[in-house]
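Participant: Pasting upload_6.csv below, which is CSV, C-alpha atoms.
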chain,number,residue,atom,x,y,z
Y,1,MET,CA,-6.3,28.3,-57.7
Y,2,SER,CA,-3.2,28.6,-60.0
Y,3,SER,CA,-1.0,25.7,-61.0
Y,4,LEU,CA,1.7,26.9,-58.7
Y,5,ASP,CA,-0.7,26.9,-55.8
Y,6,GLN,CA,-1.6,23.3,-56.6
Y,7,VAL,CA,2.0,22.3,-56.9
Y,8,LEU,CA,2.8,23.7,-53.4
Y,9,LEU,CA,-0.3,22.4,-51.7
Y,10,HIS,CA,0.1,18.9,-53.3
Y,11,GLY,CA,3.7,18.8,-52.1
Y,12,LEU,CA,2.9,19.9,-48.6
Y,13,GLN,CA,0.0,17.4,-48.3
Y,14,LYS,CA,2.2,14.6,-49.7
Y,15,VAL,CA,4.9,15.2,-47.1
Y,16,LEU,CA,2.8,16.3,-44.1
Y,17,GLY,CA,-0.7,15.0,-44.7
Y,18,ALA,CA,-3.9,17.1,-44.2
Y,19,PRO,CA,-3.6,19.2,-41.0
Y,20,ASP,CA,-6.2,19.3,-38.3
Y,21,ARG,CA,-4.5,22.3,-36.9
Y,22,LEU,CA,-1.8,24.8,-38.1
Y,23,ILE,CA,1.4,23.0,-38.7
Y,24,ALA,CA,4.0,25.4,-37.3
Y,25,LEU,CA,7.1,26.5,-39.2
Y,26,HIS,CA,9.5,25.2,-36.5
Y,27,GLU,CA,8.8,24.0,-33.0
Y,28,PRO,CA,11.1,22.9,-30.2
Y,29,GLU,CA,10.9,19.3,-29.0
Y,30,PHE,CA,11.4,18.1,-25.4
Y,31,GLY,CA,11.4,14.4,-25.0
Y,32,GLY,CA,14.6,13.6,-23.1
Y,33,ASN,CA,16.2,14.6,-19.8
Y,34,GLU,CA,15.0,18.3,-20.0
Y,35,SER,CA,12.7,18.1,-17.0
Y,36,ALA,CA,15.1,16.1,-14.9
Y,37,LEU,CA,18.1,18.4,-15.5
Y,38,LEU,CA,16.0,21.5,-15.0
Y,39,GLN,CA,14.7,20.2,-11.7
Y,40,GLU,CA,18.2,19.3,-10.6
Y,41,CYS,CA,19.3,22.8,-11.4
Y,42,LEU,CA,16.4,24.3,-9.4
Y,43,ASN,CA,17.2,22.0,-6.5
Y,44,SER,CA,20.8,23.2,-6.5
Y,45,THR,CA,19.7,26.8,-6.4
Y,46,PHE,CA,22.4,27.7,-8.9
Y,47,VAL,CA,20.1,29.1,-11.5
Y,48,SER,CA,22.0,32.2,-12.7
Y,49,SER,CA,25.4,32.6,-14.4
Y,50,VAL,CA,27.3,30.2,-12.1
Y,51,GLY,CA,26.8,26.5,-12.1
Y,52,LYS,CA,28.0,23.2,-13.5
Y,53,TYR,CA,25.6,23.2,-16.5
Y,54,VAL,CA,27.1,26.3,-18.1
Y,55,ASP,CA,30.5,24.6,-18.1
Y,56,GLN,CA,29.0,21.3,-19.2
Y,57,PHE,CA,27.1,22.9,-22.1
Y,58,GLU,CA,30.2,24.7,-23.3
Y,59,ALA,CA,32.2,21.5,-23.2
Y,60,MET,CA,29.4,19.7,-25.2
Y,61,LEU,CA,29.4,22.4,-27.8
Y,62,SER,CA,33.2,22.4,-28.1
Y,63,GLU,CA,33.3,18.6,-28.5
Y,64,PHE,CA,30.4,18.5,-31.1
Y,65,THR,CA,31.6,21.4,-33.3
Y,66,GLY,CA,35.3,20.8,-33.0
Y,67,ALA,CA,36.0,24.3,-31.8
Y,68,ARG,CA,38.6,24.4,-29.1
Y,69,HIS,CA,36.6,26.9,-27.1
Y,70,ALA,CA,32.9,27.7,-26.7
Y,71,VAL,CA,31.5,30.6,-24.5
Y,72,ALA,CA,27.8,30.4,-23.8
Y,73,VAL,CA,25.9,33.7,-23.7
Y,74,VAL,CA,22.3,34.9,-23.4
Y,75,ASN,CA,21.4,35.0,-27.1
Y,76,GLY,CA,22.9,35.0,-30.6
Y,77,THR,CA,22.9,38.8,-30.9
Y,78,ALA,CA,25.0,39.1,-27.8
Y,79,ALA,CA,27.4,36.4,-29.2
Y,80,LEU,CA,27.7,38.4,-32.4
Y,81,HIS,CA,28.2,41.7,-30.6
Y,82,ILE,CA,31.1,40.3,-28.5
Y,83,ALA,CA,32.6,38.4,-31.4
Y,84,LEU,CA,32.7,41.6,-33.5
Y,85,LYS,CA,34.3,43.5,-30.7
Y,86,LEU,CA,37.0,40.8,-30.3
Y,87,ALA,CA,37.6,40.8,-34.0
Y,88,GLY,CA,38.6,44.5,-33.7
Y,89,VAL,CA,35.4,46.3,-35.0
Y,90,GLN,CA,35.4,49.9,-33.8
Y,91,VAL,CA,33.2,52.9,-33.8
Y,92,ASN,CA,32.5,54.2,-37.4
Y,93,ASP,CA,34.0,51.1,-39.0
Y,94,GLU,CA,32.0,49.2,-41.7
Y,95,VAL,CA,31.2,45.5,-41.5
Y,96,LEU,CA,30.3,43.5,-44.6
Y,97,VAL,CA,27.0,41.7,-44.0
Y,98,PRO,CA,24.7,39.9,-46.5
Y,99,ALA,CA,21.5,41.7,-47.4
Y,100,VAL,CA,19.8,38.3,-47.1
Y,101,CYS,CA,20.1,38.0,-43.4
Y,102,PHE,CA,18.2,38.2,-40.1
Y,103,VAL,CA,18.2,41.7,-38.6
Y,104,ALA,CA,20.2,40.7,-35.5
Y,105,THR,CA,23.4,40.5,-37.6
Y,106,ALA,CA,23.1,44.1,-38.7
Y,107,ASN,CA,22.0,45.1,-35.2
Y,108,ALA,CA,25.1,43.6,-33.6
Y,109,VAL,CA,27.2,45.7,-36.0
Y,110,VAL,CA,25.4,48.8,-34.8
Y,111,HIS,CA,25.8,47.8,-31.2
Y,112,CYS,CA,29.6,48.1,-31.8
Y,113,GLY,CA,29.0,51.7,-33.1
Y,114,ALA,CA,29.8,50.5,-36.6
Y,115,VAL,CA,27.9,50.6,-39.9
Y,116,PRO,CA,26.5,47.5,-41.8
Y,117,HIS,CA,27.7,47.4,-45.4
Y,118,PHE,CA,25.4,45.0,-47.4
Y,119,VAL,CA,26.6,42.6,-50.0
Y,120,ASP,CA,25.0,40.1,-52.4
Y,121,SER,CA,24.3,36.4,-52.0
Y,122,HIS,CA,24.8,33.3,-54.1
Y,123,PHE,CA,21.6,31.9,-55.7
Y,124,ASP,CA,22.4,28.3,-54.8
Y,125,ASN,CA,23.8,28.3,-51.3
Y,126,LEU,CA,22.0,31.5,-50.2
Y,127,GLY,CA,25.1,32.9,-48.5
Y,128,VAL,CA,27.6,35.6,-49.4
Y,129,ASP,CA,28.8,35.3,-53.1
Y,130,SER,CA,32.6,35.3,-53.0
Y,131,SER,CA,33.0,36.2,-56.6
Y,132,ALA,CA,30.6,39.1,-56.4
Y,133,LEU,CA,32.3,40.2,-53.2
Y,134,ALA,CA,35.8,40.1,-54.7
Y,135,GLU,CA,34.7,42.1,-57.7
Y,136,TYR,CA,33.0,44.7,-55.5
Y,137,LEU,CA,35.9,45.1,-53.2
Y,138,GLN,CA,38.2,45.6,-56.1
Y,139,ALA,CA,36.0,48.5,-57.2
Y,140,ILE,CA,35.4,50.3,-53.9
Y,141,ALA,CA,38.2,49.4,-51.5
Y,142,GLU,CA,41.8,50.3,-51.1
Y,143,PRO,CA,44.6,49.5,-48.6
Y,144,ALA,CA,45.2,52.1,-45.9
Y,145,PRO,CA,47.4,52.3,-42.8
Y,146,GLN,CA,44.5,51.3,-40.6
Y,147,GLY,CA,43.4,48.4,-42.9
Y,148,LEU,CA,41.0,48.2,-45.8
Y,149,ARG,CA,39.4,51.6,-46.7
Y,150,ASN,CA,36.1,52.2,-48.5
Y,151,ARG,CA,37.0,54.9,-51.1
Y,152,ARG,CA,33.4,56.0,-51.3
Y,153,THR,CA,32.8,56.7,-47.5
Y,154,GLY,CA,36.4,57.0,-46.2
Y,155,ARG,CA,35.6,54.5,-43.5
Y,156,ARG,CA,37.6,51.4,-42.6
Y,157,ILE,CA,36.0,48.0,-43.6
Y,158,ALA,CA,36.8,46.0,-40.5
Y,159,ALA,CA,35.3,42.6,-40.9
Y,160,LEU,CA,33.2,40.2,-43.0
Y,161,VAL,CA,30.2,38.3,-41.5
Y,162,PRO,CA,29.0,35.4,-43.7
Y,163,MET,CA,25.9,33.7,-42.6
Y,164,HIS,CA,25.0,30.0,-43.2
Y,165,THR,CA,21.4,30.7,-44.3
Y,166,PHE,CA,18.8,28.3,-43.0
Y,167,GLY,CA,21.6,25.9,-42.1
Y,168,HIS,CA,23.1,25.6,-45.6
Y,169,PRO,CA,26.9,26.1,-45.4
Y,170,VAL,CA,28.3,29.0,-47.5
Y,171,ASP,CA,31.4,28.5,-49.6
Y,172,MET,CA,33.9,29.2,-46.9
Y,173,ALA,CA,37.0,28.3,-48.9
Y,174,SER,CA,36.3,31.0,-51.5
Y,175,LEU,CA,35.3,33.5,-48.8
Y,176,LEU,CA,38.4,32.9,-46.8
Y,177,GLU,CA,40.5,33.4,-49.9
Y,178,VAL,CA,38.9,36.8,-50.4
Y,179,SER,CA,39.1,37.7,-46.7
Y,180,GLU,CA,42.9,36.9,-46.7
Y,181,ARG,CA,43.5,38.8,-49.9
Y,182,TYR,CA,42.0,41.9,-48.3
Y,183,GLY,CA,43.0,41.4,-44.7
Y,184,LEU,CA,39.5,41.1,-43.4
Y,185,PRO,CA,38.7,39.1,-40.2
Y,186,VAL,CA,35.9,36.7,-40.6
Y,187,VAL,CA,33.2,36.3,-37.9
Y,188,GLU,CA,30.8,33.5,-39.0
Y,189,ASP,CA,27.1,33.8,-38.3
Y,190,ALA,CA,26.4,30.1,-37.8
Y,191,ALA,CA,23.3,30.9,-35.6
Y,192,GLU,CA,21.1,28.6,-37.7
Y,193,SER,CA,23.6,25.9,-38.6
Y,194,LEU,CA,24.4,23.8,-35.5
Y,195,GLY,CA,25.1,20.3,-37.1
Y,196,SER,CA,26.1,21.6,-40.5
Y,197,THR,CA,29.5,21.0,-42.0
Y,198,TYR,CA,31.5,22.4,-45.0
Y,199,GLN,CA,34.0,19.9,-46.4
Y,200,GLY,CA,33.7,17.9,-43.2
Y,201,GLN,CA,34.4,20.8,-40.8
Y,202,HIS,CA,31.6,22.3,-38.7
Y,203,THR,CA,30.3,25.7,-39.5
Y,204,GLY,CA,31.4,28.5,-37.2
Y,205,THR,CA,34.9,27.2,-36.9
Y,206,PHE,CA,36.5,28.6,-40.1
Y,207,GLY,CA,36.8,32.3,-39.1
Y,208,LYS,CA,38.5,34.2,-36.3
Y,209,LEU,CA,35.3,33.6,-34.3
Y,210,GLY,CA,31.9,32.1,-35.0
Y,211,VAL,CA,28.5,32.3,-33.2
Y,212,LEU,CA,25.5,30.0,-32.6
Y,213,SER,CA,22.0,30.6,-31.5
Y,214,PHE,CA,19.7,28.5,-29.3
Y,215,ASN,CA,16.5,30.5,-29.6
Y,216,GLY,CA,13.3,28.6,-29.2
Y,217,ASN,CA,13.0,28.1,-33.0
Y,218,LYS,CA,16.5,26.7,-33.5
Y,219,ILE,CA,17.4,23.0,-33.9
Y,220,ILE,CA,18.1,22.8,-30.2
Y,221,THR,CA,17.1,25.5,-27.7
Y,222,THR,CA,18.0,26.8,-24.3
Y,223,GLY,CA,14.9,29.0,-24.3
Y,224,GLY,CA,17.1,32.0,-25.2
Y,225,GLY,CA,20.9,31.6,-25.7
Y,226,GLY,CA,23.9,31.7,-27.9
Y,227,ALA,CA,27.6,30.8,-28.0
Y,228,ILE,CA,30.9,32.2,-29.3
Y,229,LEU,CA,33.2,29.6,-30.9
Y,230,THR,CA,36.9,30.1,-31.4
Y,231,ASN,CA,40.1,28.2,-31.6
Y,232,ASP,CA,42.0,31.1,-29.9
Y,233,ALA,CA,42.5,30.6,-26.2
Y,234,GLU,CA,43.1,34.3,-25.5
Y,235,LEU,CA,40.0,35.3,-27.5
Y,236,ALA,CA,37.9,32.8,-25.5
Y,237,ARG,CA,39.3,34.1,-22.2
Y,238,HIS,CA,38.5,37.6,-23.2
Y,239,ALA,CA,35.0,36.7,-24.4
Y,240,LYS,CA,34.2,35.1,-21.1
Y,241,HIS,CA,35.6,38.1,-19.3
Y,242,LEU,CA,33.6,40.6,-21.3
Y,243,THR,CA,30.4,38.7,-21.0
Y,244,THR,CA,30.7,38.5,-17.2
Y,245,THR,CA,31.0,42.3,-16.6
Y,246,ALA,CA,34.8,42.1,-16.7
Y,247,LYS,CA,34.9,41.1,-13.1
Y,248,ARG,CA,38.2,39.8,-11.8
Y,249,PRO,CA,37.8,36.5,-9.9
Y,250,HIS,CA,38.0,37.0,-6.1
Y,251,ARG,CA,36.4,35.4,-3.1
Y,252,TRP,CA,34.5,38.6,-2.2
Y,253,GLU,CA,35.8,41.7,-4.0
Y,254,PHE,CA,34.0,43.3,-6.9
Y,255,PHE,CA,36.6,44.7,-9.2
Y,256,HIS,CA,35.9,45.2,-12.9
Y,257,ASP,CA,38.7,46.2,-15.3
Y,258,GLU,CA,36.9,47.0,-18.5
Y,259,VAL,CA,33.6,48.3,-19.7
Y,260,ALA,CA,31.7,45.1,-20.3
Y,261,TRP,CA,28.4,43.3,-20.5
Y,262,ASN,CA,26.3,41.0,-18.4
Y,263,TYR,CA,25.8,38.5,-21.2
Y,264,ARG,CA,26.5,35.1,-19.7
Y,265,LEU,CA,24.0,32.3,-20.1
Y,266,PRO,CA,22.2,31.4,-16.9
Y,267,ASN,CA,22.8,27.9,-15.5
Y,268,LEU,CA,19.1,27.1,-15.8
Y,269,ASN,CA,19.1,27.7,-19.5
Y,270,ALA,CA,22.3,25.7,-19.8
Y,271,ALA,CA,20.7,22.7,-18.1
Y,272,LEU,CA,18.0,22.7,-20.8
Y,273,GLY,CA,20.8,23.0,-23.4
Y,274,CYS,CA,22.6,20.0,-22.0
Y,275,ALA,CA,19.5,17.8,-22.3
Y,276,GLN,CA,18.9,19.1,-25.8
Y,277,MET,CA,22.5,18.3,-26.9
Y,278,GLU,CA,22.0,14.7,-25.8
Y,279,ARG,CA,19.3,14.5,-28.5
Y,280,LEU,CA,20.9,16.5,-31.2
Y,281,GLN,CA,22.0,13.6,-33.4
Y,282,ASP,CA,18.5,12.2,-33.5
Y,283,LEU,CA,17.0,15.7,-34.3
Y,284,LEU,CA,19.5,16.0,-37.1
Y,285,ALA,CA,18.6,12.6,-38.5
Y,286,ARG,CA,14.9,13.3,-38.5
Y,287,LYS,CA,15.3,16.7,-40.1
Y,288,ARG,CA,17.3,15.2,-42.9
Y,289,GLU,CA,14.6,12.6,-43.4
Y,290,LEU,CA,12.0,15.4,-43.6
Y,291,ALA,CA,14.2,17.3,-46.1
Y,292,SER,CA,14.6,14.1,-48.3
Y,293,ARG,CA,10.8,13.8,-48.5
Y,294,TYR,CA,10.4,17.5,-49.5
Y,295,LEU,CA,13.2,17.0,-52.1
Y,296,ALA,CA,11.4,14.0,-53.6
Y,297,VAL,CA,8.0,15.7,-54.0
Y,298,PHE,CA,9.4,19.0,-55.4
Y,299,GLU,CA,12.2,17.4,-57.5
Y,300,ASN,CA,10.1,17.6,-60.6
Y,301,GLY,CA,7.7,20.3,-59.3
Y,302,ASP,CA,6.4,22.5,-62.1
Y,303,GLY,CA,7.7,26.0,-61.2
Y,304,ILE,CA,8.9,25.2,-57.7
Y,305,ARG,CA,12.2,23.6,-56.7
Y,306,PHE,CA,13.4,22.5,-53.2
Y,307,ILE,CA,16.7,24.0,-52.1
Y,308,ALA,CA,19.1,21.1,-51.3
Y,309,GLU,CA,22.4,21.2,-49.4
Y,310,PRO,CA,25.4,22.5,-51.5
Y,311,ALA,CA,27.9,20.0,-52.9
Y,312,GLY,CA,30.5,19.1,-50.4
Y,313,CYS,CA,28.4,20.2,-47.5
Y,314,ARG,CA,26.1,18.6,-45.0
Y,315,SER,CA,23.2,20.8,-43.9
Y,316,ASN,CA,21.2,20.6,-40.8
Y,317,TYR,CA,18.2,21.6,-42.8
Y,318,TRP,CA,17.1,23.9,-40.0
Y,319,LEU,CA,14.5,25.4,-42.3
Y,320,ASN,CA,13.5,23.6,-45.5
Y,321,SER,CA,13.0,26.0,-48.4
Y,322,ALA,CA,11.5,26.0,-51.8
Y,323,ARG,CA,12.1,28.5,-54.6
Y,324,LEU,CA,10.0,29.7,-57.4
Y,325,GLU,CA,11.7,29.2,-60.7
Y,326,LYS,CA,10.4,32.6,-61.9
Y,327,PRO,CA,10.8,35.2,-59.1
Y,328,ASP,CA,7.6,37.0,-58.6
Y,329,MET,CA,6.6,38.8,-55.3
Y,330,LYS,CA,2.9,38.7,-56.1
Y,331,ALA,CA,3.0,34.9,-56.8
Y,332,ARG,CA,5.1,34.4,-53.7
Y,333,ASP,CA,2.7,36.2,-51.5
Y,334,ARG,CA,-0.3,34.4,-53.0
Y,335,LEU,CA,1.4,31.0,-52.3
Y,336,LEU,CA,2.1,32.1,-48.7
Y,337,THR,CA,-1.6,33.0,-48.3
Y,338,VAL,CA,-2.8,29.7,-49.8
Y,339,ALA,CA,-0.4,27.6,-47.7
Y,340,ASN,CA,-1.2,29.3,-44.4
Y,341,ASP,CA,-4.9,29.3,-45.1
Y,342,ALA,CA,-4.6,25.5,-45.7
Y,343,GLY,CA,-2.9,25.0,-42.3
Y,344,TYR,CA,0.7,25.0,-43.3
Y,345,GLN,CA,2.7,27.8,-41.7
Y,346,CYS,CA,5.1,28.9,-44.4
Y,347,ARG,CA,7.0,32.2,-44.5
Y,348,PRO,CA,9.2,34.2,-46.9
Y,349,ILE,CA,12.8,35.2,-46.3
Y,350,TRP,CA,13.4,38.3,-44.2
Y,351,THR,CA,12.8,41.7,-45.7
Y,352,LEU,CA,16.2,42.6,-47.2
Y,353,LEU,CA,18.2,44.5,-44.7
Y,354,HIS,CA,18.8,47.5,-46.8
Y,355,LYS,CA,15.0,48.0,-47.1
Y,356,LEU,CA,14.5,48.4,-43.4
Y,357,PRO,CA,14.1,52.0,-42.3
Y,358,MET,CA,17.1,52.2,-40.0
Y,359,TYR,CA,19.4,50.7,-42.6
Y,360,ILE,CA,18.1,52.3,-45.8
Y,361,ASP,CA,21.1,54.7,-46.1
Y,362,CYS,CA,23.8,52.1,-45.3
Y,363,PRO,CA,26.4,51.4,-48.0
Y,364,ARG,CA,25.6,48.5,-50.2
Y,365,ALA,CA,26.7,46.6,-53.3
Y,366,ALA,CA,24.4,45.8,-56.2
Y,367,LEU,CA,22.0,43.2,-54.9
Y,368,PRO,CA,20.4,41.4,-57.9
Y,369,VAL,CA,20.5,37.9,-56.4
Y,370,ALA,CA,19.2,39.1,-53.0
Y,371,GLU,CA,16.3,40.7,-54.8
Y,372,ARG,CA,15.6,37.4,-56.7
Y,373,LEU,CA,15.7,35.4,-53.5
Y,374,GLU,CA,13.3,37.7,-51.8
Y,375,ALA,CA,10.8,37.4,-54.6
Y,376,SER,CA,11.1,33.6,-54.9
Y,377,LEU,CA,11.9,31.8,-51.6
Y,378,ILE,CA,9.4,30.2,-49.3
Y,379,ASN,CA,10.2,28.4,-46.0
Y,380,LEU,CA,8.3,25.2,-45.3
Y,381,PRO,CA,7.3,23.6,-42.0
Y,382,SER,CA,10.5,22.1,-40.7
Y,383,SER,CA,10.1,20.7,-37.1
Y,384,ALA,CA,12.0,17.4,-36.6
Y,385,LYS,CA,8.8,15.8,-35.3
Y,386,LEU,CA,7.2,16.2,-38.7
Y,387,ALA,CA,9.4,13.4,-40.0
Y,388,SER,CA,7.1,11.0,-38.2
Y,389,LEU,CA,4.2,12.0,-40.3
Y,390,ARG,CA,3.5,9.5,-43.1
Y,391,GLN,CA,3.2,10.3,-46.8
Could you render the structure as structure tokens?
Facilitator:
Amino acid sequence: MSSLDQVLLHGLQKVLGAPDRLIALHEPEFGGNESALLQECLNSTFVSSVGKYVDQFEAMLSEFTGARHAVAVVNGTAALHIALKLAGVQVNDEVLVPAVCFVATANAVVHCGAVPHFVDSHFDNLGVDSSALAEYLQAIAEPAPQGLRNRRTGRRIAALVPMHTFGHPVDMASLLEVSERYGLPVVEDAAESLGSTYQGQHTGTFGKLGVLSFNGNKIITTGGGGAILTNDAELARHAKHLTTTAKRPHRWEFFHDEVAWNYRLPNLNAALGCAQMERLQDLLARKRELASRYLAVFENGDGIRFIAEPAGCRSNYWLNSARLEKPDMKARDRLLTVANDAGYQCRPIWTLLHKLPMYIDCPRAALPVAERLEASLINLPSSAKLASLRQ
């Protein structure tokens, strides 16, 4: 066993103890009113897209994040799809997306008939690097009557989608400055960052629109679900209209005035979400406690460092991450094998998007930091309940 293997295993054992079964990467937790609200929803028979819990869940999200409007949908991909449409993304446009990102973000771009255009990340906050982005746009983009044009492809660059990776807020102030300079709408992928703030403001509320996810592995879950956040009342109205098949309200008539989607979150899922929201502050506190313990054991780790929240930010620490000081894919994969064999479910970051077969020919910037992150980053078990384990 190498010294790196020993450092990782010692840290995991120090924080989590010796497992008697596989310690999962991230598990949902149900210890509040989930069963009661679900049963009440079943008793009401309003289990589909109409019911009080959808409205209540949206109100709770709006209050918690500070967004004026929240529109609940079936998953984060649907939220991104509609948010991009509302931001003005059209067929054959390009949308700037980090190469270090979950595949759903690029998929949502393609669902709009557009093309993902991959950009590099910052080594510390894991999100889009504003300086590298500005330099890249200076080299490849030019103003055109329809907006920003990619000189190399001739296509319009229609939007920027920064992601708050693993719950760590990206540098939104710098990215907004770049987006304003080039006239690019910002759609924030805050899928992983419910409970995270940048300079005191909740993620997902800086751009034209933002999105959240409530998949089973997120900090709270509705089973499957997502939400669109915006401060624009008209965008919120249109989002709700497009996600309910563009049906005009009427006592009995079925009249639809746009091509639209059946994306609304069912009331049954929203009931689960309401109960989970009641417990969010406690979940956040315990996840920060777990992160502080990882930070303590890896602070002076030989060859491995814990990734802490960026300065001026508060992360939800959705996934705790450690990074090899010397990027090395073979060493990374060996560490993953050793950890999983020992009962700790660890994983790497996603395969970089430009390496996936359907996106291999998409336009992209130079991606040196993304390549370093892929070869060095390891996600550690991060469930809130793990904070109760004693060192």
Participant: Name the closest residue to Y:Ala134 among the candidates Y:Val259, Y:Asp120, Y:Asp328, Y:Asp333; distances are taken between atoms, counting only C-alpha atoms.
Facilitator: Y:Asp120
Participant: Kindly indicate which residue among Y:Leu209, Y:Met163, Y:Ala141, Y:Ala67 lies nearest to Y:Leu84, using all atoms listed in the file for the distances.
Facilitator: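 When distances to Y:Leu84 are compared using all atoms listed in the file, the smallest one comes from Y:Leu209.
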Participant: Hey, what's within 10 Å of Y:Ser213 if we count only C-alpha atoms and toss same-chain stuff fewer than 5 positions away? As a list in words, please?
Facilitator: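 So the residues in contact are Ala72, Val73, Val74, Asn75, Gly76, Thr77, Ala78, Ala79, Leu80, Asp189, Ala190, Ala191, Glu192, Ser193, Leu194, Lys218, Ile219, Ile220, Thr221, Thr222, Gly224, Gly225, Gly226, Ala227 and Ile228 of chain Y.
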Participant: So, with only C-alpha atoms as the atoms that count, which of Y:Ala99, Y:Ala139, Y:Ala270, Y:Leu42 lies closest to Y:Arg372?
Facilitator: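 Going through Y:Ala99, Y:Ala139, Y:Ala270, Y:Leu42 one by one, the smallest distance to Y:Arg372 is for Y:Ala99.
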Participant: Which residues are near stretch 45-61 of chain Y? Cut-off 10 Å, all atoms listed in the file, ignore same chain within fewer than 3 positions. Put them as a ChimeraX atom specification.
Facilitator: /Y:37-42,64-74,194,212,227-229,244,262-278
Participant: Can you tell me which residues surround Y:Thr351 at a distance of at most 10 Å, considering all atoms listed in the file, apart from same-chain residues fewer than 5 positions away, and format the answer as a VMD selection string?
Facilitator: chain Y and resid 99 to 103 356 371 374
Participant: Pick out the closest residue to Y:Gly207 from this set: Y:Pro162, Y:Pro357, Y:Gly88, Y:Gly223. Count all atoms listed in the file.
Facilitator: Y:Pro162
Participant: Separation of atom CA of Y:Pro348 and atom CA of Y:Ala375, in Å?
Facilitator: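 Atom CA of Y:Ala375 lies at a distance of 8.5 Å from atom CA of Y:Pro348.
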Participant: For stretch 280-285 of chain Y of the block above, can you save all heavy atoms as a CSV table (one decimal), in the first residue's frame?
Facilitator:
chain,number,residue,atom,x,y,z
Y,280,LEU,N,-34.0,21.4,6.5
Y,280,LEU,CA,-32.8,21.8,5.8
Y,280,LEU,C,-31.7,22.4,6.6
Y,280,LEU,O,-30.5,22.1,6.5
Y,280,LEU,CB,-33.2,22.7,4.6
Y,280,LEU,CG,-32.1,23.2,3.8
Y,280,LEU,CD1,-31.3,22.1,3.2
Y,280,LEU,CD2,-32.7,24.1,2.7
Y,281,GLN,N,-32.1,23.3,7.5
Y,281,GLN,CA,-31.1,23.9,8.3
Y,281,GLN,C,-30.3,22.9,9.2
Y,281,GLN,O,-29.1,23.0,9.3
Y,281,GLN,CB,-31.7,25.0,9.3
Y,281,GLN,CG,-32.3,26.2,8.5
Y,281,GLN,CD,-31.2,27.1,7.9
Y,281,GLN,OE1,-30.0,26.8,7.9
Y,281,GLN,NE2,-31.6,28.3,7.4
Y,282,ASP,N,-31.0,21.9,9.7
Y,282,ASP,CA,-30.3,20.9,10.5
Y,282,ASP,C,-29.3,20.1,9.6
Y,282,ASP,O,-28.2,19.8,10.0
Y,282,ASP,CB,-31.3,20.0,11.1
Y,282,ASP,CG,-30.6,18.8,11.9
Y,282,ASP,OD1,-29.8,19.0,12.8
Y,282,ASP,OD2,-30.9,17.6,11.5
Y,283,LEU,N,-29.8,19.7,8.4
Y,283,LEU,CA,-29.0,19.0,7.4
Y,283,LEU,C,-27.7,19.8,7.1
Y,283,LEU,O,-26.6,19.2,7.0
Y,283,LEU,CB,-29.8,18.6,6.2
Y,283,LEU,CG,-30.9,17.6,6.3
Y,283,LEU,CD1,-31.8,17.6,5.1
Y,283,LEU,CD2,-30.4,16.2,6.6
Y,284,LEU,N,-27.9,21.1,6.8
Y,284,LEU,CA,-26.8,21.9,6.5
Y,284,LEU,C,-25.8,22.0,7.6
Y,284,LEU,O,-24.5,21.9,7.4
Y,284,LEU,CB,-27.2,23.3,6.2
Y,284,LEU,CG,-28.0,23.5,4.8
Y,284,LEU,CD1,-28.7,24.8,4.7
Y,284,LEU,CD2,-27.0,23.3,3.7
Y,285,ALA,N,-26.3,22.1,8.8
Y,285,ALA,CA,-25.4,22.2,10.0
Y,285,ALA,C,-24.5,20.9,10.2
Y,285,ALA,O,-23.3,21.0,10.4
Y,285,ALA,CB,-26.2,22.5,11.3
